[in-house]
>>> print(open('input_27.cif').read())   # mmCIF, C-alpha atoms
data_final
loop_
_atom_site.label_atom_id
_atom_site.label_comp_id
_atom_site.auth_asym_id
_atom_site.auth_seq_id
_atom_site.Cartn_x
_atom_site.Cartn_y
_atom_site.Cartn_z
CA MET J 237 63.17 107.51 82.43
CA LYS J 238 61.82 109.42 79.48
CA ASN J 239 63.49 112.46 78.06
CA ALA J 240 61.75 115.29 79.92
CA ILE J 241 64.77 115.99 82.14
CA SER J 242 65.93 119.48 83.02
CA ARG J 243 69.50 120.79 83.25
CA ARG J 244 71.52 118.98 85.93
CA GLN J 245 68.57 116.86 87.01
CA ILE J 246 69.65 113.51 88.38
CA LEU J 247 67.97 110.19 87.70
CA MET J 248 68.72 107.96 90.63
CA ALA J 249 69.88 104.49 89.71
CA ALA J 250 69.61 103.43 93.34
CA GLY J 251 69.12 104.79 96.82
CA ALA J 252 71.62 104.98 99.64
CA ALA J 253 69.91 102.22 101.58
CA GLY J 254 67.19 99.64 101.18
CA THR J 255 66.85 98.15 97.71
CA ILE J 256 69.89 98.64 95.50
CA GLY J 257 69.88 98.95 91.73
CA ALA J 258 67.55 96.96 89.54
CA PHE J 259 68.09 93.60 91.18
CA GLY J 260 66.49 94.04 94.59
CA LEU J 261 69.58 93.49 96.71
CA ALA J 262 68.53 94.35 100.24
CA VAL J 263 71.02 96.13 102.50
CA PRO J 264 70.98 94.45 105.92
CA ALA J 265 70.98 96.54 109.09
CA ALA J 266 73.85 94.51 110.54
CA ALA J 267 76.36 92.25 108.82
CA HIS J 268 79.68 90.52 109.29
CA ALA J 269 82.55 92.72 110.36
CA ASP J 270 86.32 92.69 110.25
CA ASP J 271 89.10 90.99 111.60
CA VAL J 272 91.81 88.50 112.47
CA SER J 273 92.39 84.84 113.26
CA GLY J 274 90.82 83.61 116.46
CA THR J 275 87.64 85.55 115.81
CA ASP J 276 84.83 83.10 115.10
CA THR J 277 82.03 85.23 113.67
CA PRO J 278 82.92 88.93 113.76
CA HIS J 279 80.13 91.48 113.24
CA VAL J 280 79.39 95.18 113.11
CA ASP J 281 76.08 96.42 114.46
CA GLU J 282 75.45 99.50 112.32
CA SER J 283 72.27 100.31 114.22
CA TYR J 284 74.79 102.07 116.48
CA PHE J 285 74.90 104.80 113.84
CA ALA J 286 71.22 105.54 114.38
CA ASP J 287 71.87 106.70 117.96
CA GLU J 288 71.36 110.44 117.77
CA GLY J 289 73.55 110.86 120.83
CA VAL J 290 76.56 109.74 118.81
CA PHE J 291 76.19 112.70 116.47
CA VAL J 292 75.25 115.20 119.17
CA ALA J 293 78.38 114.22 121.08
CA GLN J 294 80.42 114.42 117.91
CA ALA J 295 79.31 117.97 117.16
CA ALA J 296 80.26 119.16 120.64
CA ARG J 297 83.56 117.29 120.88
CA THR J 298 87.01 118.85 120.68
CA LEU J 299 89.03 116.59 118.38
CA SER J 300 92.18 114.91 119.59
CA THR J 301 95.58 114.78 117.91
CA PHE J 302 96.63 111.38 116.59
CA ASP J 303 99.37 110.99 119.21
CA GLY J 304 97.02 112.06 122.01
CA TRP J 305 94.37 109.62 120.82
CA VAL J 306 96.86 106.73 120.78
CA ALA J 307 98.09 107.59 124.26
CA ASN J 308 94.55 107.76 125.64
CA ASN J 309 93.52 104.39 124.19
CA GLU J 310 96.60 102.19 124.43
CA ASN J 311 95.93 98.83 126.15
CA ARG J 312 92.18 99.52 126.24
CA TYR J 313 89.41 97.39 124.76
CA ILE J 314 87.36 99.67 122.48
CA ASP J 315 83.81 98.47 121.77
CA MET J 316 81.91 101.28 120.08
CA ASP J 317 78.77 99.42 118.97
CA GLY J 318 78.38 97.35 122.15
CA ALA J 319 78.20 94.18 120.10
CA TYR J 320 80.55 91.27 119.34
CA GLY J 321 83.36 92.54 121.54
CA ALA J 322 86.33 94.79 120.82
CA GLN J 323 87.18 94.42 117.15
CA CYS J 324 89.34 96.33 114.72
CA TRP J 325 86.28 98.14 113.34
CA ASP J 326 85.57 99.58 116.80
CA LEU J 327 89.01 101.16 116.96
CA TRP J 328 88.48 102.62 113.46
CA GLU J 329 85.11 104.07 114.49
CA ASN J 330 86.67 105.57 117.63
CA TYR J 331 89.44 107.11 115.49
CA CYS J 332 86.90 108.61 113.10
CA LEU J 333 84.84 110.04 115.95
CA TYR J 334 87.62 111.47 118.12
CA VAL J 335 90.33 112.41 115.59
CA ILE J 336 88.68 112.85 112.18
CA GLY J 337 85.35 114.25 113.38
CA THR J 338 82.90 111.90 111.69
CA SER J 339 80.92 108.73 112.36
CA GLY J 340 78.82 106.31 110.40
CA ILE J 341 81.05 105.37 107.44
CA SER J 342 79.21 102.27 106.32
CA THR J 343 80.54 98.78 105.65
CA GLN J 344 77.53 97.78 103.55
CA PHE J 345 78.72 98.75 100.04
CA SER J 346 80.98 95.79 99.29
CA PRO J 347 80.88 92.12 98.35
CA HIS J 348 82.02 91.56 101.97
CA ARG J 349 79.41 93.65 103.73
CA GLY J 350 80.27 94.45 107.32
CA TYR J 351 83.92 93.48 107.04
CA ALA J 352 86.78 95.97 107.30
CA ILE J 353 87.61 95.59 103.60
CA ALA J 354 84.23 97.22 102.86
CA LEU J 355 85.70 100.54 104.04
CA TRP J 356 87.99 100.26 100.99
CA ASP J 357 85.71 98.51 98.46
CA GLY J 358 82.79 100.82 99.19
CA PHE J 359 84.82 104.04 99.24
CA ALA J 360 82.87 105.71 96.42
CA PHE J 361 79.54 105.14 98.19
CA ASN J 362 80.04 104.91 101.97
CA GLY J 363 80.90 108.53 102.79
CA ALA J 364 84.61 107.96 103.39
CA ALA J 365 85.51 110.19 100.42
CA ASP J 366 84.34 113.22 102.40
CA TYR J 367 87.16 112.68 104.90
CA PHE J 368 89.82 110.49 103.25
CA ILE J 369 91.55 109.83 99.95
CA GLN J 370 92.59 106.36 98.84
CA ILE J 371 96.32 105.61 98.64
CA SER J 372 97.66 102.51 96.91
CA ALA J 373 99.24 99.70 98.93
CA SER J 374 102.58 100.33 97.18
CA SER J 375 102.76 103.90 98.53
CA VAL J 376 104.68 104.85 101.68
CA PRO J 377 102.17 105.30 104.53
CA GLN J 378 102.15 108.31 106.84
CA LYS J 379 101.21 108.76 110.47
CA GLY J 380 97.43 108.93 110.71
CA ASP J 381 96.76 106.88 107.57
CA VAL J 382 94.33 103.98 107.88
CA ALA J 383 95.71 100.63 106.68
CA ILE J 384 93.16 98.13 105.33
CA TRP J 385 93.91 94.49 104.52
CA GLN J 386 92.10 92.40 101.92
CA TYR J 387 89.52 89.78 102.77
CA GLY J 388 90.97 86.28 102.72
CA SER J 389 94.64 87.26 102.47
CA TYR J 390 97.05 88.10 105.32
CA LEU J 391 94.16 88.24 107.78
CA PRO J 392 91.26 85.87 107.11
CA TYR J 393 88.42 88.36 107.62
CA SER J 394 90.31 91.52 106.59
CA HIS J 395 91.57 94.09 109.06
CA VAL J 396 91.85 97.82 109.68
CA ALA J 397 94.49 99.61 111.76
CA MET J 398 95.83 103.14 112.13
CA VAL J 399 99.37 103.84 110.91
CA ILE J 400 102.02 105.18 113.27
CA SER J 401 104.89 104.90 110.78
CA ASP J 402 106.21 102.96 107.82
CA ALA J 403 108.50 100.04 108.59
CA GLY J 404 109.67 98.67 105.24
CA PRO J 405 107.86 95.37 104.65
CA ASN J 406 105.72 96.09 107.72
CA VAL J 407 103.50 98.87 108.98
CA TYR J 408 103.86 100.09 112.56
CA CYS J 409 100.23 100.43 113.58
CA PHE J 410 97.84 101.13 116.40
CA THR J 411 95.64 98.05 116.17
CA GLN J 412 93.03 96.03 118.04
CA ASN J 413 91.92 92.37 117.93
CA PRO J 414 93.17 90.00 118.98
CA GLY J 415 93.59 91.65 122.35
CA PRO J 416 93.33 95.32 123.31
CA SER J 417 94.48 98.37 121.36
CA VAL J 418 98.27 98.21 121.06
CA LYS J 419 101.18 99.41 118.96
CA GLN J 420 102.24 96.56 116.71
CA TYR J 421 104.17 95.76 113.53
CA LEU J 422 101.89 94.22 110.90
CA SER J 423 103.04 92.80 107.57
CA LYS J 424 102.10 94.67 104.39
CA GLN J 425 101.23 91.32 102.82
CA GLY J 426 97.62 91.43 101.69
CA LEU J 427 97.20 95.19 102.01
CA ALA J 428 94.35 96.68 99.97
CA GLY J 429 95.70 100.19 100.53
CA TYR J 430 95.49 103.19 102.84
CA LEU J 431 92.91 105.85 103.57
CA ARG J 432 94.64 109.19 104.12
CA PRO J 433 92.74 111.86 106.07
CA ILE J 434 91.92 115.06 104.20
CA ARG J 435 93.43 117.84 106.27
CA ASN J 436 91.40 120.97 106.77
CA ASN J 437 92.78 124.38 105.84
CA VAL J 438 95.47 123.04 103.56
CA PRO J 439 95.57 122.98 99.74
CA SER J 440 93.71 120.02 98.29
CA PRO J 441 93.25 118.36 94.88
CA THR J 442 91.13 120.16 92.29
CA ILE J 443 88.75 117.19 91.94
CA LYS J 444 87.73 116.20 95.43
CA SER J 445 84.98 113.68 94.77
CA ALA J 446 83.97 111.07 92.22
CA ALA J 447 80.65 112.91 92.09
CA ASP J 448 82.19 116.21 90.88
CA LEU J 449 81.13 116.98 87.33
CA LEU J 450 83.67 118.31 84.82
CA ALA J 451 82.46 119.89 81.57
CA VAL J 452 83.95 121.76 78.63
CA ASP J 453 81.85 124.75 77.62
CA PRO J 454 81.21 125.89 74.00
CA TYR J 455 84.31 128.12 74.20
CA GLY J 456 86.68 125.28 75.11
CA VAL J 457 86.97 126.19 78.81
CA LEU J 458 87.07 123.28 81.29
CA TRP J 459 84.98 123.74 84.46
CA ASN J 460 84.49 121.72 87.62
CA TYR J 461 81.01 121.61 89.16
CA PRO J 462 81.75 120.30 92.68
CA ALA J 463 79.11 117.98 94.08
CA SER J 464 77.60 118.91 97.43
CA GLY J 465 76.53 115.34 98.22
CA ASN J 466 72.81 116.13 98.32
CA GLY J 467 71.98 116.09 94.62
CA ARG J 468 73.23 119.61 93.90
CA PHE J 469 76.36 121.32 92.61
CA GLY J 470 78.33 124.08 94.27
CA ALA J 471 79.60 127.13 92.41
CA ARG J 472 81.56 126.07 89.35
CA ILE J 473 85.36 126.42 89.35
CA GLN J 474 87.35 127.15 86.20
CA ILE J 475 90.16 124.67 85.53
CA GLY J 476 91.42 126.23 82.31
CA PRO J 477 90.93 127.02 78.61
CA GLY J 478 92.20 125.15 75.56
CA TRP J 479 89.96 122.08 75.69
CA GLY J 480 88.04 122.77 72.48
CA ASN J 481 89.47 119.74 70.64
CA MET J 482 88.66 117.25 73.39
CA VAL J 483 86.22 114.52 72.34
CA THR J 484 85.58 112.77 75.68
CA GLY J 485 87.09 113.21 79.13
CA TRP J 486 87.11 111.12 82.29
CA THR J 487 88.02 111.68 85.94
CA VAL J 488 89.87 108.69 87.34
CA ASP J 489 92.68 107.93 89.80
CA TRP J 490 94.84 106.51 87.03
CA ASN J 491 97.97 105.76 89.10
CA GLY J 492 96.37 104.80 92.42
CA ASN J 493 97.81 107.61 94.55
CA GLY J 494 94.44 108.74 95.88
CA ILE J 495 94.21 111.87 93.71
CA PHE J 496 91.82 112.19 90.79
CA ASP J 497 93.46 112.60 87.38
CA VAL J 498 92.00 113.46 83.98
CA VAL J 499 92.14 111.11 80.99
CA ALA J 500 90.98 112.71 77.73
CA LYS J 501 90.61 111.60 74.11
CA TRP J 502 91.32 114.35 71.59
CA ASN J 503 90.07 114.68 68.03
CA ASP J 504 93.43 113.52 66.62
CA GLY J 505 92.90 110.15 68.34
CA SER J 506 95.44 110.72 71.10
CA LEU J 507 94.85 109.79 74.73
CA ARG J 508 96.26 112.24 77.26
CA LEU J 509 96.77 111.85 80.99
CA TYR J 510 96.74 114.93 83.23
CA ARG J 511 97.90 113.88 86.68
CA GLY J 512 96.17 115.63 89.57
CA GLN J 513 98.38 117.37 92.11
CA ALA J 514 97.83 117.02 95.86
CA ASP J 515 97.75 120.79 96.33
CA GLY J 516 95.50 121.48 93.33
CA GLY J 517 95.98 121.73 89.58
CA PHE J 518 97.37 119.18 87.16
CA ASP J 519 100.72 118.22 85.68
CA SER J 520 101.40 118.82 81.99
CA TYR J 521 99.81 116.06 79.97
CA GLN J 522 101.45 112.74 79.25
CA SER J 523 100.51 110.84 76.09
CA ILE J 524 99.22 107.38 77.00
CA GLY J 525 98.00 106.26 73.57
CA VAL J 526 97.54 107.20 69.90
CA GLY J 527 95.23 106.04 67.12
CA TRP J 528 92.03 105.93 69.17
CA GLN J 529 89.90 107.96 66.71
CA SER J 530 87.40 105.16 66.04
CA MET J 531 87.28 103.85 69.61
CA GLN J 532 84.69 104.77 72.23
CA ILE J 533 86.57 104.74 75.54
CA ALA J 534 85.66 104.49 79.21
CA PRO J 535 88.21 104.04 82.06
CA SER J 536 87.11 101.28 84.42
CA ARG J 537 88.34 98.81 87.03
CA PHE J 538 86.62 96.05 85.07
CA ILE J 539 89.15 93.49 86.31
CA ARG J 540 89.61 94.24 90.01
CA SER J 541 92.73 92.12 90.52
CA ASN J 542 94.71 94.44 88.24
CA GLY J 543 94.81 97.06 90.99
CA LEU J 544 94.72 100.11 88.73
CA PRO J 545 91.86 101.18 86.47
CA GLY J 546 92.23 100.15 82.84
CA MET J 547 90.35 101.17 79.71
CA LEU J 548 87.18 99.71 78.24
CA ALA J 549 87.10 100.47 74.51
CA LYS J 550 84.57 99.68 71.80
CA ASP J 551 85.94 99.62 68.26
CA SER J 552 84.16 100.43 65.00
CA SER J 553 83.16 96.77 64.48
CA GLY J 554 81.33 96.65 67.81
CA SER J 555 83.94 94.57 69.65
CA LEU J 556 84.51 95.49 73.29
CA TRP J 557 88.07 95.39 74.62
CA TYR J 558 89.73 95.90 77.99
CA TYR J 559 93.22 97.38 78.15
CA THR J 560 95.14 96.74 81.36
CA ASN J 561 96.86 99.70 83.00
CA SER J 562 99.88 98.06 84.60
CA SER J 563 101.99 101.14 85.31
CA GLY J 564 99.69 104.08 85.92
CA ALA J 565 100.95 105.52 82.65
CA ALA J 566 100.66 104.48 78.98
CA LEU J 567 98.42 101.70 77.69
CA THR J 568 99.84 98.90 75.56
CA THR J 569 98.32 96.22 73.35
CA ALA J 570 100.08 93.60 75.49
CA GLY J 571 97.34 94.00 78.08
CA LYS J 572 94.46 93.91 75.58
CA THR J 573 91.63 91.41 76.21
CA GLN J 574 88.37 91.06 74.29
CA VAL J 575 85.40 91.12 76.68
CA GLY J 576 82.46 91.56 74.29
CA TRP J 577 81.15 91.21 70.75
CA ASN J 578 78.37 92.75 68.66
CA TRP J 579 78.00 95.99 70.65
CA GLY J 580 77.40 97.83 67.37
CA ALA J 581 76.70 101.53 67.77
CA TRP J 582 75.86 101.18 71.47
CA ASN J 583 77.15 103.75 73.95
CA ILE J 584 78.92 102.36 77.01
CA LEU J 585 79.14 103.76 80.55
CA PRO J 586 80.93 101.79 83.30
CA MET J 587 79.64 102.14 86.86
CA ASP J 588 79.14 99.93 89.91
CA PHE J 589 75.39 99.99 89.43
CA ASN J 590 74.41 97.56 92.19
CA ALA J 591 77.18 98.45 94.69
CA ASP J 592 78.73 94.98 94.86
CA GLY J 593 82.25 96.32 94.33
CA ASN J 594 82.41 95.16 90.69
CA GLN J 595 82.21 97.39 87.64
CA ASP J 596 79.13 96.96 85.48
CA VAL J 597 78.37 98.52 82.10
CA VAL J 598 75.28 100.56 81.35
CA ALA J 599 74.71 100.65 77.58
CA ILE J 600 72.30 102.60 75.41
CA ASP J 601 71.45 100.56 72.33
CA SER J 602 70.40 101.61 68.83
CA SER J 603 66.71 101.75 69.88
CA ASN J 604 67.57 104.16 72.76
CA ALA J 605 66.90 101.45 75.33
CA MET J 606 69.18 101.42 78.38
CA ARG J 607 70.59 98.04 79.31
CA LEU J 608 72.61 96.90 82.33
CA TYR J 609 75.42 94.35 81.96
CA ARG J 610 76.63 93.14 85.36
CA GLY J 611 80.35 92.46 85.68
CA ASP J 612 81.83 89.88 88.07
CA GLY J 613 85.12 91.72 88.64
CA THR J 614 87.19 89.20 86.66
CA GLY J 615 86.37 90.34 83.11
CA ALA J 616 83.25 88.18 82.71
CA TRP J 617 79.54 89.01 82.75
CA LEU J 618 76.88 87.89 85.22
CA GLY J 619 73.85 88.77 83.12
CA SER J 620 71.99 91.63 81.51
CA GLY J 621 68.61 93.28 81.38
CA GLN J 622 66.83 96.39 80.15
CA ILE J 623 66.52 99.13 82.77
CA GLY J 624 65.13 102.04 80.74
CA SER J 625 63.92 103.38 77.42
CA GLY J 626 63.74 106.66 75.55
CA TRP J 627 67.34 107.68 76.18
CA THR J 628 67.79 110.12 73.29
CA PHE J 629 69.69 112.68 75.33
CA ILE J 630 72.62 114.78 74.18
CA SER J 631 74.86 113.29 76.88
CA VAL J 632 74.47 110.73 79.65
CA ALA J 633 77.09 110.63 82.41
CA SER J 634 77.62 108.24 85.29
CA SER J 635 78.20 109.60 88.78
CA ALA J 636 78.91 107.95 92.14
CA GLY J 637 77.70 109.57 95.38
CA PHE J 638 76.12 112.64 93.76
CA ALA J 639 72.94 112.50 95.83
CA GLY J 640 74.57 111.14 99.00
CA ARG J 641 76.30 108.07 100.30
CA GLY J 642 75.67 104.93 98.31
CA THR J 643 73.90 106.55 95.37
CA ARG J 644 74.63 105.80 91.74
CA SER J 645 73.30 108.41 89.36
CA LEU J 646 72.92 109.26 85.70
CA VAL J 647 73.17 112.90 84.68
CA GLY J 648 70.73 113.62 81.87
CA THR J 649 70.17 116.27 79.25
CA GLY J 650 70.13 120.06 79.17
CA TRP J 651 73.85 120.70 78.70
CA LYS J 652 73.69 121.45 74.99
CA GLY J 653 77.03 122.75 73.75
CA TYR J 654 78.86 121.28 76.76
CA ARG J 655 81.00 118.17 76.68
CA ILE J 656 80.40 116.40 79.97
CA PHE J 657 83.09 114.21 81.50
CA ASN J 658 82.40 110.54 82.34
CA SER J 659 79.81 110.47 79.56
CA GLN J 660 79.09 109.41 76.02
CA ARG J 661 77.42 111.82 73.58
CA LEU J 662 74.26 110.44 72.02
CA ASP J 663 73.81 112.96 69.20
#
>>> encode(input="input_27.cif", output="structure tokens")
Amino acid sequence: MKNAISRRQILMAAGAAGTIGAFGLAVPAAAHADDVSGTDTPHVDESYFADEGVFVAQAARTLSTFDGWVANNENRYIDMDGAYGAQCWDLWENYCLYVIGTSGISTQFSPHRGYAIALWDGFAFNGAADYFIQISASSVPQKGDVAIWQYGSYLPYSHVAMVISDAGPNVYCFTQNPGPSVKQYLSKQGLAGYLRPIRNNVPSPTIKSAADLLAVDPYGVLWNYPASGNGRFGARIQIGPGWGNMVTGWTVDWNGNGIFDVVAKWNDGSLRLYRGQADGGFDSYQSIGVGWQSMQIAPSRFIRSNGLPGMLAKDSSGSLWYYTNSSGAALTTAGKTQVGWNWGAWNILPMDFNADGNQDVVAIDSSNAMRLYRGDGTGAWLGSGQIGSGWTFISVASSAGFAGRGTRSLVGTGWKGYRIFNSQRLD
């Protein structure tokens, strides 16, 4: 991790499988799966994904419409992995294969590995972002959305079902377990949210992936370098000029509608929110804070129960604060909580380093050592340790999924004159 890194080179914080992060967390080949009451020990056997025939068949298959798929599978028991019976995960996998055109979205990147909720918790790492966007539980679902329930709430092991229509306090779904695949009304109580399929050949948001890299060039023009998912960028796309006075910028789904927004701190200390539009582009900015000149900021879901990402901020005295985002709009001091002391001149980067579903903080200290502080998802810390040295780069940026499913990456040096989003400048 020394500083001989070329432009756009990626230093992998962890691989997509096997040992994760710096703490040796092994990813099991099979783990607990989804579902509902009456299921004793549900499982998913993800060795099913290794069957080459699954992908050969997928490539040659003509995809079904949602209505046709429901009609073909109603009152059937769907068991895709041939293990543990017909569970809700099996119906999801069948939907992905026959309607969406994919297979193998993993349930391993979550505190509840193998359960349906892992499709939601592990969204940034499991490959789902290539085919779906996340929609908050408070949004109105649409036909074809995928509803996912939390672990330990309405359904004891979490649950996944495909939406037919909204029904007020309920969702009219195509669901399986207990029993065969049926149309059924399920309560919205305990919903984590919805996955909405990305439709082909229709306008789409400007920022399509958490791994896309945004940067302001020396002339104040904002560019998007779309990630290809294999450790490379596609051709850059101009977003627009006029960003010369931006200090730091971040891509984040600030209001939980499944579309990436831009949060930027400007040299006058103002925080501006640019909401992403579903068909591309951004709304005119909304001011969400003033007086942040001396604060180093980093949007983060540091406290998971809050639902929406908030703001980690380090003040000039070295105190670390977390500001709750309760409305998807402006920040207020009412939601301000101190979460750290004595961070001095350290640079902070939030990321889920070890893929447990909780936000951690990677910090570069005054000696240019890189340290990892593991978060527990409630605003507390689980421990810390040094994970690198010699980090004297111009900018260091965190990225999720840049080199493929499940990867956490740090973008290094070589972008002199550029202000990279999701980063802290070290010069």
>>> closest_residue(input="input_27.cif", among="J:Leu458, J:Leu567, J:Ala360, J:Ile539", to="Ser506 in chain J", atoms="all atoms listed in the file")
J:Leu567
>>> resolve_selection(input="input_27.cif", expression="the PyMOL selection byres ((chain J and resi 530) around 7)", output="PDB file with C-alpha atoms, keeping the file's coordinate frame")
ATOM      1  CA  TRP J 528      92.030 105.930  69.170  1.00  0.00           C
ATOM      2  CA  GLN J 529      89.900 107.960  66.710  1.00  0.00           C
ATOM      3  CA  MET J 531      87.280 103.850  69.610  1.00  0.00           C
ATOM      4  CA  GLN J 532      84.690 104.770  72.230  1.00  0.00           C
ATOM      5  CA  ASP J 551      85.940  99.620  68.260  1.00  0.00           C
ATOM      6  CA  SER J 552      84.160 100.430  65.000  1.00  0.00           C
TER       7      SER J 552
END
>>> atom_distance(input="input_27.cif", atom1="CA of Asn308 in chain J", atom2="CA of Val407 in chain J")
20.9 Å
>>> atom_distance(input="input_27.cif", atom1="CA of Phe361 in chain J", atom2="CA of Val598 in chain J")
18.0 Å
>>> resolve_selection(input="input_27.cif", expression="the PyMOL selection byres ((chain J and resi 525) around 12)", output="number ranges by chain")
J: 499-502, 504-509, 521-524, 526-529, 531, 533, 547, 559, 561, 565-569
>>> write_last_selection(input="input_27.cif", atoms="C-alpha atoms", output="mmCIF file, in the frame of the given file")
data_model
loop_
_atom_site.group_PDB
_atom_site.id
_atom_site.type_symbol
_atom_site.label_atom_id
_atom_site.label_comp_id
_atom_site.auth_asym_id
_atom_site.auth_seq_id
_atom_site.Cartn_x
_atom_site.Cartn_y
_atom_site.Cartn_z
ATOM 1 C CA VAL J 499 92.140 111.110 80.990
ATOM 2 C CA ALA J 500 90.980 112.710 77.730
ATOM 3 C CA LYS J 501 90.610 111.600 74.110
ATOM 4 C CA TRP J 502 91.320 114.350 71.590
ATOM 5 C CA ASP J 504 93.430 113.520 66.620
ATOM 6 C CA GLY J 505 92.900 110.150 68.340
ATOM 7 C CA SER J 506 95.440 110.720 71.100
ATOM 8 C CA LEU J 507 94.850 109.790 74.730
ATOM 9 C CA ARG J 508 96.260 112.240 77.260
ATOM 10 C CA LEU J 509 96.770 111.850 80.990
ATOM 11 C CA TYR J 521 99.810 116.060 79.970
ATOM 12 C CA GLN J 522 101.450 112.740 79.250
ATOM 13 C CA SER J 523 100.510 110.840 76.090
ATOM 14 C CA ILE J 524 99.220 107.380 77.000
ATOM 15 C CA VAL J 526 97.540 107.200 69.900
ATOM 16 C CA GLY J 527 95.230 106.040 67.120
ATOM 17 C CA TRP J 528 92.030 105.930 69.170
ATOM 18 C CA GLN J 529 89.900 107.960 66.710
ATOM 19 C CA MET J 531 87.280 103.850 69.610
ATOM 20 C CA ILE J 533 86.570 104.740 75.540
ATOM 21 C CA MET J 547 90.350 101.170 79.710
ATOM 22 C CA TYR J 559 93.220 97.380 78.150
ATOM 23 C CA ASN J 561 96.860 99.700 83.000
ATOM 24 C CA ALA J 565 100.950 105.520 82.650
ATOM 25 C CA ALA J 566 100.660 104.480 78.980
ATOM 26 C CA LEU J 567 98.420 101.700 77.690
ATOM 27 C CA THR J 568 99.840 98.900 75.560
ATOM 28 C CA THR J 569 98.320 96.220 73.350
#
>>> residues_around(input="input_27.cif", residues="Tyr408 in chain J", least_positions_apart="5", cutoff="8 Å", atoms="only C-alpha atoms", output="list in words")
Val399, Ile400, Ser401, Asp402, Ala403, Lys419, Gln420, Tyr421 and Leu422 of chain J
>>> atom_distance(input="input_27.cif", atom1="CA of Asn604 in chain J", atom2="CA of Ala591 in chain J")
24.6 Å
>>> residues_around(input="input_27.cif", residues="range 362-375 of chain J", least_positions_apart="6", cutoff="7 Å", atoms="all atoms listed in the file", output="mmCIF file with C-alpha atoms, keeping the file's coordinate frame")
data_model
loop_
_atom_site.group_PDB
_atom_site.id
_atom_site.type_symbol
_atom_site.label_atom_id
_atom_site.label_comp_id
_atom_site.auth_asym_id
_atom_site.auth_seq_id
_atom_site.Cartn_x
_atom_site.Cartn_y
_atom_site.Cartn_z
ATOM 1 C CA ILE J 341 81.050 105.370 107.440
ATOM 2 C CA SER J 342 79.210 102.270 106.320
ATOM 3 C CA PHE J 345 78.720 98.750 100.040
ATOM 4 C CA LEU J 427 97.200 95.190 102.010
ATOM 5 C CA ALA J 428 94.350 96.680 99.970
ATOM 6 C CA GLY J 429 95.700 100.190 100.530
ATOM 7 C CA TYR J 430 95.490 103.190 102.840
ATOM 8 C CA LEU J 431 92.910 105.850 103.570
ATOM 9 C CA ARG J 432 94.640 109.190 104.120
ATOM 10 C CA PRO J 433 92.740 111.860 106.070
ATOM 11 C CA ILE J 434 91.920 115.060 104.200
ATOM 12 C CA SER J 445 84.980 113.680 94.770
ATOM 13 C CA GLY J 492 96.370 104.800 92.420
ATOM 14 C CA ASN J 493 97.810 107.610 94.550
ATOM 15 C CA GLY J 494 94.440 108.740 95.880
ATOM 16 C CA ARG J 641 76.300 108.070 100.300
ATOM 17 C CA GLY J 642 75.670 104.930 98.310
#
>>> closest_residue(input="input_27.cif", among="J:Thr343, J:Gly613, J:Trp486, J:Asn491", to="Phe359 in chain J", atoms="only C-alpha atoms")
J:Thr343
>>> closest_residue(input="input_27.cif", among="J:Met316, J:Gln344, J:Asn481, J:Val335", to="Ser300 in chain J", atoms="all atoms listed in the file")
J:Val335
>>> closest_residue(input="input_27.cif", among="J:Asn658, J:Ala446, J:Gly340, J:Pro477", to="Ala463 in chain J", atoms="all atoms listed in the file")
J:Ala446
>>> residues_around(input="input_27.cif", residues="Gln513 in chain J", least_positions_apart="4", cutoff="6 Å", atoms="all atoms listed in the file", output="PyMOL selection string")
chain J and resi 441+517-518
>>> axis_aligned_box(input="input_27.cif", around="range 374-379 of chain J", padding_each_side="5 Å", output="AutoDock Vina command-line options")
--center_x 102.9 --center_y 104.5 --center_z 103.8 --size_x 13.5 --size_y 18.4 --size_z 23.3
>>> closest_residue(input="input_27.cif", among="J:Arg540, J:Arg610, J:Arg511, J:Arg312", to="Gly415 in chain J", atoms="all atoms listed in the file")
J:Arg312
>>> resolve_selection(input="input_27.cif", expression="the PyMOL selection byres ((chain J and resi 597) around 9)", output="PyMOL selection string")
chain J and resi 584-589+595-596+598-599+607-611
>>> closest_residue(input="input_27.cif", among="J:Gln474, J:Ser464, J:Thr560, J:Asn330", to="Trp305 in chain J", atoms="only C-alpha atoms")
J:Asn330
>>> residues_around(input="input_27.cif", residues="Tyr313 in chain J", least_positions_apart="6", cutoff="7 Å", atoms="all atoms listed in the file", output="list in words")
Ala322, Pro416 and Ser417 of chain J
>>> residues_around(input="input_27.cif", residues="Trp577 in chain J", least_positions_apart="3", cutoff="8 Å", atoms="only C-alpha atoms", output="count of residues only")
3
